[in-house]
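Engineer: Handing you a structure now.
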Amino acid sequence: MTGDKSFEEVEKAFQNFVEADPTYSAQVTVHVRGDRVIDLVSGALAADSLVPVFSTSKGATAIVVAMLLQQGRLDLDAAVARYWPEFAANGKESITVRQLLSHQAGLPGVDGGFTIEESWEHDALAERLAAQRPYWRPGAACMYHALTIGTLADELVRRIDGRSVGVFFADEVARRRGIDAWLGLPASEDARVVDFLLPTAEELAAGPLPPSSPDPIVATSLPVGDPFALITRVNEEGSRRAGQPASGMLASARGLAAMYASLRHVVNGEPPVLDDATMAAMSQIQFAGLELGTDLPIRFGVLFQAPCPPRWPFGGVGAFGHDGAGGSLAFFDPGVDVAFGYTVQRLALPGGMDARAVELARLVRGAVTAR
Amino acid sequence: MTGDKSFEEVEKAFQNFVEADPTYSAQVTVHVRGDRVIDLVSGALAADSLVPVFSTSKGATAIVVAMLLQQGRLDLDAAVARYWPEFAANGKESITVRQLLSHQAGLPGVDGGFTIEESWEHDALAERLAAQRPYWRPGAACMYHALTIGTLADELVRRIDGRSVGVFFADEVARRRGIDAWLGLPASEDARVVDFLLPTAEELAAGPLPPSSPDPIVATSLPVGDPFALITRVNEEGSRRAGQPASGMLASARGLAAMYASLRHVVNGEPPVLDDATMAAMSQIQFAGLELGTDLPIRFGVLFQAPCPPRWPFGGVGAFGHDGAGGSLAFFDPGVDVAFGYTVQRLALPGGMDARAVELARLVRGAVTAR
Amino acid sequence: MTGDKSFEEVEKAFQNFVEADPTYSAQVTVHVRGDRVIDLVSGALAADSLVPVFSTSKGATAIVVAMLLQQGRLDLDAAVARYWPEFAANGKESITVRQLLSHQAGLPGVDGGFTIEESWEHDALAERLAAQRPYWRPGAACMYHALTIGTLADELVRRIDGRSVGVFFADEVARRRGIDAWLGLPASEDARVVDFLLPTAEELAAGPLPPSSPDPIVATSLPVGDPFALITRVNEEGSRRAGQPASGMLASARGLAAMYASLRHVVNGEPPVLDDATMAAMSQIQFAGLELGTDLPIRFGVLFQAPCPPRWPFGGVGAFGHDGAGGSLAFFDPGVDVAFGYTVQRLALPGGMDARAVELARLVRGAVTAR
């Protein structure tokens, strides 16, 4: 697939990254108009290695939500409580699905905090979230619900479909298309998993692990007593099996790119997952502004990130996707019909989309629009 | 009119601008309590020269909207679709007039882009805008709709009144009062038009032409493939005849100042255009915050800009007006009863209200409040 | 009460402040789990001195509002006009109590301005506010209503209860518990009042008095013609007697700390003032973002400030309180059950919560969470 003259620059850039850092272990796969045009790996990763992708998981969860939307089973403007009656507690009666799934509902955590295990086990945390008073007036602000957004979306999907996000995604999207992305990895695939690597002592000395905010509201979104558990415990079997829909996915770049390509294109004989109107509804910006707690500019569609340069400069208008704390990035850019998947084994400081992934995406876009 | 001791400082400042830049070609006219107290020109401009004023046009369009509001024919809180049924497509059913006319509706452009000619011709672009899905959840953000706000307001006015914004403005405001401001210039007036001048090579070398944003959402608001067409093609006959309500006005400073003075005062024997309650409704801040795409602070009333220092420091509380990309500025400040008009022939970098106009407005305010 | 080993660091810090500035006259009192654990004074202040606390007053007003909420006599989501029919004028029909009491209603002032005496006398200003068109679309922005929020809350309370905020607070909260905080000081207590001190000429030379904003919208919130009257006239008898609910309180730190401690604990045999659900409703963030006019980050609950580091870093999630222009600070932090009161006699530049108070609060939190 590689070798197309148009993408030589992308390949060259990837090789440069390898030369600059001999330990650089990454995968990048790109589909253009449904065809796989880039498929590169480096370092300790094979093309079929499965890497923890952290919040890039949210893209798979968003696809499940989009399918329910397209099937007419979910109304973004309905109250969450219509599907999940217990949610109508403590001032949450009129929170809409749209607000809930764009980090605006004020539920980044629960009083007293929650543990990483609770996020893996789902039920008790969903129940606590249903009972929680929002930390802000719903709609008044947007702050990244790093973990709870997965629990909230999961419970919503379970109430509508009966299946969890992970099972729905496996059944309806991934397995039938041979897409190598897993929200809940079976032991049979464990051999392909690579351990995620934390920064070296030298790297850490140069800058703190994200997120380390002095703002107490931000702390509510992270596991109590162990704010970095999301990252430091990702290699545990519990994390892999749980496949928490906000952060627990294992995937290869091939899997991520195919996942996004499948939205518009036939993959493995299966029909496209979404129509363009559904993609437009999901990618529509639901919040744009400064994030509560960090004061950084953010833009969210429905669960998906929207391009937000210079922080999230991954695509054109209408593009949608998600990055992960470790450095991974995956998105679809419908305007140029590019599906992009990128994983990296070692935490790419300062966290969030690896600058190398952003550069590769930029070069892909240049190659495609230059044609 | 000039020579009033109170305004000597204003005149002196204008003369200083002339001395500092011998090519400075500008007009400035100011009415205080209905009386013309300042009326100056320089360089290549005569007092009756007509200059392209770019977005200062939006002030004239806003006045038309205000008249419909005052006449009870337009409700700012009504859905746009009440007046324009085709607009109720793709999630726009409940967008209010208020949102539409304060750059909050998410319609800075259309999928696939639009050309400058489409903005001049109106009909097809209005139809495309009616069919478009908003790029953001209406009300979730505010981003300047540099051109489409004119098309949107124009179609709204046409649906209510039958006449276009340009014809309504000519019939009901400008012609009967002898106000020299034109949204759609007849050939008979062409001889008074001066060509707008682009920056010199030296000026350009010192800084880029605005707007040149890397943010794809901003690009949607500008003509596709030719983002500077709004500026570079303003001298074409097509632009003059079209009088696009967002950017196509030709006017003298006398015309601009008289236009704003006529809101409260008798001009040419004609009654005031607006009552104070209508002005207060139009100048009420509808959005205040950081603009999507630029992250700069902005404040919009209904179509009018509201003072927003330090970027738009043109008046006191309740003042309303608009600037233009080329450097023009015109506004009414009801608290001190000042109507201000300013044009300039050469693009005043970095674009938007000329710093010299801002300084003149500041001196006028000082002179009036010192009395 | 002092001398508990855990709080030695707090006491040491206070002594350091005294040594660094021999004129430092302050009071600090802290309750932890209802027990008074810190109680310090310095300089010209005795433990029972009464100090003007400026906007720290708003905390007492918020407590009155919270009591009405808890008693089911006030609905935060109701229109203000439900309780105050005259308020339904000029586009204010649907402003909610929640918006009104979180600085979002667009009523920082009135056309033509208001004097400090009008804020003391209440009735005429309340009437003018009821007639005023909001300066911004209600809910579109948040800007501190330095004085009018007191008038607005006061009128709301009067309409519901018949008593003013000051009388309600004295009757239901302060007098029966022996809490030394007064919204409307009787002459019998005047002997304990200390004059508030303005900055020295040296201090002023080093930086301007706040607020001195060139933004006209900010000016609407301050007395017309005398923007610093709020500060410079605080020692007048008129100010003391009026006890304007936004700024007119006199209190000792003992009073402030006891006021917040009484929310959860028995004081003087009287039952706790509020239940935890009411505190959560009042502390829920109603606005978070950049303040209109200053572009600084702010977070407001219902009348209370919410912690907003780095500007208002006074507590954990769910903490609520208020600072005053002179430097005072008082709050309750339910997570650690800390009630904190601080007064200072001389304006602590640049105004708002004294950095020393913030440091003391930080040390208290550290001592409590380290236990």
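As shown in the structure tokens, the chain order sets the letters A, B, ...; within each chain, residues go from 1, and ligands are also counted from 1 in the order they appear.
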I need the chain A residues near chain C as number ranges by chain; criterion: at most 6 Å, counting only C-alpha atoms.
Structural biologist: A: 135-137, 140, 216-217
Engineer: Suppose we keep N, CA and C atoms; can you now write the selection as a PDB file, in the first residue's frame?
Structural biologist:
ATOM      1  N   TYR A 135     -21.733  19.367  39.404  1.00  0.00           N
ATOM      2  CA  TYR A 135     -20.830  20.347  40.024  1.00  0.00           C
ATOM      3  C   TYR A 135     -21.007  21.745  39.444  1.00  0.00           C
ATOM      4  N   TRP A 136     -21.582  21.807  38.261  1.00  0.00           N
ATOM      5  CA  TRP A 136     -21.954  23.114  37.721  1.00  0.00           C
ATOM      6  C   TRP A 136     -23.346  23.002  37.106  1.00  0.00           C
ATOM      7  N   ARG A 137     -23.984  24.135  36.985  1.00  0.00           N
ATOM      8  CA  ARG A 137     -25.286  24.174  36.320  1.00  0.00           C
ATOM      9  C   ARG A 137     -25.120  23.566  34.934  1.00  0.00           C
ATOM     10  N   ALA A 140     -23.596  25.242  31.772  1.00  0.00           N
ATOM     11  CA  ALA A 140     -22.897  26.479  32.134  1.00  0.00           C
ATOM     12  C   ALA A 140     -21.409  26.422  31.838  1.00  0.00           C
ATOM     13  N   PRO A 216      -9.207  22.258  42.172  1.00  0.00           N
ATOM     14  CA  PRO A 216      -9.935  21.117  42.754  1.00  0.00           C
ATOM     15  C   PRO A 216     -11.016  20.559  41.841  1.00  0.00           C
ATOM     16  N   ILE A 217     -11.570  21.374  40.960  1.00  0.00           N
ATOM     17  CA  ILE A 217     -12.633  20.850  40.099  1.00  0.00           C
ATOM     18  C   ILE A 217     -12.058  19.811  39.130  1.00  0.00           C
TER      19      ILE A 217
END
Engineer: Neighbouring residues of Asp275 in chain A were defined as those with any atom within 9 Å, considering only C-alpha atoms; residues of the same chain fewer than 2 positions away were excluded. Please report them as a compact mmCIF listing (two decimals) with N, CA, C and O atoms, in the first residue's frame.
Structural biologist:
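Heads up, here's the output in selection.txt:
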# COMPACT_ATOMS: atom_id res chain seq x y z
N GLN A 70 -28.55 7.27 14.32
CA GLN A 70 -28.96 7.02 12.93
C GLN A 70 -30.15 6.07 12.88
O GLN A 70 -31.02 6.18 12.01
N LEU A 263 -16.80 4.05 8.49
CA LEU A 263 -17.98 4.91 8.65
C LEU A 263 -18.58 5.23 7.30
O LEU A 263 -19.80 5.25 7.13
N ARG A 264 -17.71 5.46 6.31
CA ARG A 264 -18.22 5.83 4.98
C ARG A 264 -18.04 4.72 3.94
O ARG A 264 -18.67 4.77 2.89
N PRO A 272 -21.25 0.63 4.87
CA PRO A 272 -20.77 1.75 5.70
C PRO A 272 -21.58 1.87 6.98
O PRO A 272 -22.78 1.59 6.99
N VAL A 273 -20.92 2.30 8.02
CA VAL A 273 -21.56 2.34 9.34
C VAL A 273 -22.50 3.54 9.47
O VAL A 273 -23.56 3.44 10.08
N ALA A 277 -25.18 12.55 6.98
CA ALA A 277 -25.97 13.41 7.88
C ALA A 277 -25.70 13.07 9.34
O ALA A 277 -25.60 13.96 10.19
N THR A 278 -25.55 11.79 9.63
CA THR A 278 -25.25 11.40 11.01
C THR A 278 -23.86 11.87 11.41
O THR A 278 -23.65 12.37 12.53
N MET A 279 -22.92 11.72 10.49
CA MET A 279 -21.57 12.22 10.81
C MET A 279 -21.59 13.73 11.05
O MET A 279 -20.94 14.24 11.98
N ALA A 280 -22.36 14.45 10.24
CA ALA A 280 -22.44 15.90 10.43
C ALA A 280 -23.07 16.24 11.78
O ALA A 280 -22.65 17.17 12.46
Engineer: With distances taken over only C-alpha atoms, which residue among C:Leu74, C:Val18, C:Ala251, C:Ala105 lies nearest Ser42 in chain C?
Structural biologist: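 Ranking C:Leu74, C:Val18, C:Ala251, C:Ala105 by distance to Ser42 in chain C, first place goes to C:Val18.
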Engineer: Range 72-229 of chain B: which residues are helix (DSSP H, G or I) by DSSP, as a ChimeraX atom specification?
Structural biologist: /B:80-83,85-87,97-100,116-121,123-131,148-161,165-177,187-192,201-206,216-219,229
Engineer: Counting only C-alpha atoms, what is within 12 Å of Phe196 in chain B, bar same-chain residues fewer than 3 positions away, as an MDAnalysis selection string?
Structural biologist: chainID B and resid 25:26 44:45 49:54 193 199 230:236 240 250 325:328 343:348
Engineer: Mind giving me the straight-line distance from CA of Ser164 in chain C to CA of Glu118 in chain C in Å, one decimal?
Structural biologist: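 Calculated distance between CA of Ser164 in chain C and CA of Glu118 in chain C is 15.8 Å.
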Engineer: Taking 5 positions as the minimum chain separation for residues in the same chain, which residues sit within 8 Å of range 150-154 of chain B when counting only C-alpha atoms? Answer as a tab-separated table (two decimals) with N, CA and C atoms, in the first residue's frame.
Structural biologist:
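out_19.tsv was written with the following content:
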chain	number	residue	atom	x	y	z
B	58	LYS	N	-22.83	46.75	7.53
B	58	LYS	CA	-23.72	46.02	8.43
B	58	LYS	C	-24.54	46.96	9.31
B	61	THR	N	-27.66	47.72	7.40
B	61	THR	CA	-28.53	46.55	7.44
B	61	THR	C	-29.21	46.45	8.82
B	65	VAL	N	-33.25	46.32	9.96
B	65	VAL	CA	-33.80	45.33	10.90
B	65	VAL	C	-34.48	46.05	12.07
B	100	LEU	N	-29.50	34.48	15.06
B	100	LEU	CA	-29.06	34.59	13.66
B	100	LEU	C	-28.32	35.89	13.43
B	101	LEU	N	-28.84	36.98	14.02
B	101	LEU	CA	-28.30	38.31	13.73
B	101	LEU	C	-27.19	38.72	14.69
B	119	SER	N	-22.26	35.69	-3.18
B	119	SER	CA	-22.70	36.63	-2.14
B	119	SER	C	-23.36	37.86	-2.78
B	122	HIS	N	-27.02	36.69	-4.22
B	122	HIS	CA	-27.98	36.46	-3.14
B	122	HIS	C	-28.77	35.15	-3.20
B	125	LEU	N	-27.29	31.55	-2.73
B	125	LEU	CA	-26.59	31.40	-1.45
B	125	LEU	C	-27.60	31.37	-0.29
B	126	ALA	N	-28.65	32.18	-0.39
B	126	ALA	CA	-29.69	32.14	0.65
B	126	ALA	C	-30.31	30.75	0.71
B	129	LEU	N	-27.86	28.39	2.36
B	129	LEU	CA	-27.80	28.62	3.81
B	129	LEU	C	-29.03	28.04	4.50
B	164	SER	N	-35.62	44.09	-0.74
B	164	SER	CA	-34.31	43.70	-0.21
B	164	SER	C	-33.86	44.74	0.82
B	165	VAL	N	-32.85	44.39	1.59
B	165	VAL	CA	-32.28	45.33	2.54
B	165	VAL	C	-31.86	46.61	1.83
B	244	GLN	N	-24.04	44.17	-1.39
B	244	GLN	CA	-24.27	43.06	-0.45
B	244	GLN	C	-24.38	43.62	0.97
B	245	PRO	N	-25.42	43.26	1.69
B	245	PRO	CA	-25.73	43.96	2.95
B	245	PRO	C	-24.71	43.76	4.07
B	246	ALA	N	-23.77	42.85	3.88
B	246	ALA	CA	-22.74	42.68	4.91
B	246	ALA	C	-21.50	43.48	4.60
B	247	SER	N	-21.31	43.86	3.34
B	247	SER	CA	-20.00	44.38	2.98
B	247	SER	C	-19.99	45.27	1.75
Engineer: Which parts of range 174-343 of chain B does DSSP call strand (DSSP E or B) when run on the backbone here, written out as a PyMOL selection string?
Structural biologist: chain B and resi 181-183+193+197+249-251+267+270+285+287-290+297-300+305+308+312+320-323+329-333+338-343
Engineer: Please provide as a PyMOL selection string all residues within 8 Å of Val30 in chain B, with the sequence filter that same-chain residues fewer than 4 positions apart are discarded (counting only C-alpha atoms).
Structural biologist: chain B and resi 36-39+254+257+338-341
Engineer: For Gly166 in chain B, find every residue with an atom within 7 Å (counting only C-alpha atoms), except residues of its own chain fewer than 3 positions away, and show them as a list in words.
Structural biologist: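 After dropping sequence-adjacent residues, the list is Phe169, Ala170, Leu183, Gly184, Gly243 and Pro245 of chain B.
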Engineer: Go ahead and write the selection's residues with N, CA, C and O atoms as a PDB file, in the first residue's frame.
Structural biologist:
ATOM      1  N   PHE B 169     -33.528  50.153   2.563  1.00  0.00           N
ATOM      2  CA  PHE B 169     -32.674  51.205   3.121  1.00  0.00           C
ATOM      3  C   PHE B 169     -32.737  52.471   2.264  1.00  0.00           C
ATOM      4  O   PHE B 169     -32.852  53.591   2.791  1.00  0.00           O
ATOM      5  N   ALA B 170     -32.672  52.296   0.951  1.00  0.00           N
ATOM      6  CA  ALA B 170     -32.737  53.452   0.048  1.00  0.00           C
ATOM      7  C   ALA B 170     -34.087  54.149   0.177  1.00  0.00           C
ATOM      8  O   ALA B 170     -34.170  55.373   0.328  1.00  0.00           O
ATOM      9  N   LEU B 183     -26.454  50.871  -0.544  1.00  0.00           N
ATOM     10  CA  LEU B 183     -26.352  49.405  -0.637  1.00  0.00           C
ATOM     11  C   LEU B 183     -26.901  49.040  -2.012  1.00  0.00           C
ATOM     12  O   LEU B 183     -28.088  48.736  -2.157  1.00  0.00           O
ATOM     13  N   GLY B 184     -26.035  49.085  -3.013  1.00  0.00           N
ATOM     14  CA  GLY B 184     -26.488  48.942  -4.401  1.00  0.00           C
ATOM     15  C   GLY B 184     -26.416  50.305  -5.057  1.00  0.00           C
ATOM     16  O   GLY B 184     -27.369  51.072  -4.995  1.00  0.00           O
ATOM     17  N   GLY B 243     -24.319  45.684  -3.752  1.00  0.00           N
ATOM     18  CA  GLY B 243     -24.552  46.278  -2.432  1.00  0.00           C
ATOM     19  C   GLY B 243     -24.852  45.213  -1.395  1.00  0.00           C
ATOM     20  O   GLY B 243     -25.794  45.326  -0.608  1.00  0.00           O
ATOM     21  N   PRO B 245     -25.420  43.263   1.688  1.00  0.00           N
ATOM     22  CA  PRO B 245     -25.729  43.960   2.949  1.00  0.00           C
ATOM     23  C   PRO B 245     -24.711  43.765   4.073  1.00  0.00           C
ATOM     24  O   PRO B 245     -24.798  44.440   5.093  1.00  0.00           O
TER      25      PRO B 245
END
Engineer: Excluding same-chain residues fewer than 4 positions from Lys12 in chain B, what lies within 12 Å of it counting only C-alpha atoms, as a tab-separated table (two decimals) with N, CA, C and O atoms, in the first residue's frame?
Structural biologist:
chain	number	residue	atom	x	y	z
B	2	THR	N	-17.10	73.20	11.25
B	2	THR	CA	-15.88	73.03	12.04
B	2	THR	C	-15.46	74.40	12.57
B	2	THR	O	-15.97	75.42	12.15
B	3	GLY	N	-14.53	74.38	13.49
B	3	GLY	CA	-14.09	75.65	14.03
B	3	GLY	C	-14.60	75.84	15.45
B	3	GLY	O	-14.05	76.63	16.20
B	5	LYS	N	-14.66	75.68	19.07
B	5	LYS	CA	-13.46	75.54	19.88
B	5	LYS	C	-13.35	74.17	20.54
B	5	LYS	O	-12.28	73.60	20.66
B	6	SER	N	-14.50	73.62	20.91
B	6	SER	CA	-14.51	72.34	21.61
B	6	SER	C	-13.89	71.22	20.79
B	6	SER	O	-13.45	70.22	21.33
B	7	PHE	N	-13.92	71.35	19.50
B	7	PHE	CA	-13.47	70.25	18.67
B	7	PHE	C	-12.12	70.52	18.01
B	7	PHE	O	-11.71	69.82	17.10
B	8	GLU	N	-11.46	71.56	18.51
B	8	GLU	CA	-10.15	71.88	17.94
B	8	GLU	C	-9.18	70.72	18.04
B	8	GLU	O	-8.40	70.48	17.13
B	16	ASN	N	-2.63	66.15	12.17
B	16	ASN	CA	-1.41	65.39	12.48
B	16	ASN	C	-1.33	64.10	11.68
B	16	ASN	O	-0.25	63.70	11.24
B	17	PHE	N	-2.46	63.46	11.51
B	17	PHE	CA	-2.47	62.23	10.71
B	17	PHE	C	-2.05	62.53	9.27
B	17	PHE	O	-1.31	61.77	8.64
B	18	VAL	N	-2.54	63.65	8.77
B	18	VAL	CA	-2.20	64.05	7.39
B	18	VAL	C	-0.71	64.32	7.28
B	18	VAL	O	-0.04	63.89	6.34
B	19	GLU	N	-0.19	65.02	8.27
B	19	GLU	CA	1.24	65.35	8.22
B	19	GLU	C	2.11	64.11	8.35
B	19	GLU	O	3.16	63.99	7.71
B	38	ILE	N	-18.18	68.35	13.02
B	38	ILE	CA	-16.88	68.05	12.41
B	38	ILE	C	-17.15	67.53	11.01
B	38	ILE	O	-18.07	66.73	10.80
B	40	LEU	N	-14.36	66.76	7.93
B	40	LEU	CA	-13.00	66.91	7.42
B	40	LEU	C	-12.70	65.88	6.34
B	40	LEU	O	-13.24	64.77	6.37
B	359	GLU	N	-8.97	57.03	17.62
B	359	GLU	CA	-8.43	58.19	18.33
B	359	GLU	C	-9.34	59.41	18.13
B	359	GLU	O	-9.62	60.15	19.08
B	360	LEU	N	-9.81	59.60	16.91
B	360	LEU	CA	-10.73	60.72	16.67
B	360	LEU	C	-12.01	60.57	17.50
B	360	LEU	O	-12.50	61.53	18.10
B	363	LEU	N	-11.36	61.52	21.07
B	363	LEU	CA	-11.27	62.96	21.28
B	363	LEU	C	-12.64	63.62	21.21
B	363	LEU	O	-12.93	64.56	21.95
B	364	VAL	N	-13.50	63.14	20.32
B	364	VAL	CA	-14.86	63.68	20.24
B	364	VAL	C	-15.57	63.44	21.57
B	364	VAL	O	-16.19	64.34	22.14
Engineer: In Å to one decimal, how far is CA of Phe304 in chain A from CA of His322 in chain A?
Structural biologist: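 Separating CA of His322 in chain A from CA of Phe304 in chain A is a distance of 5.9 Å.
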Engineer: Work out how far CA of Ser221 in chain C is from CA of Met259 in chain C, in Å to one decimal.
Structural biologist: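 It comes out at 27.6 Å.
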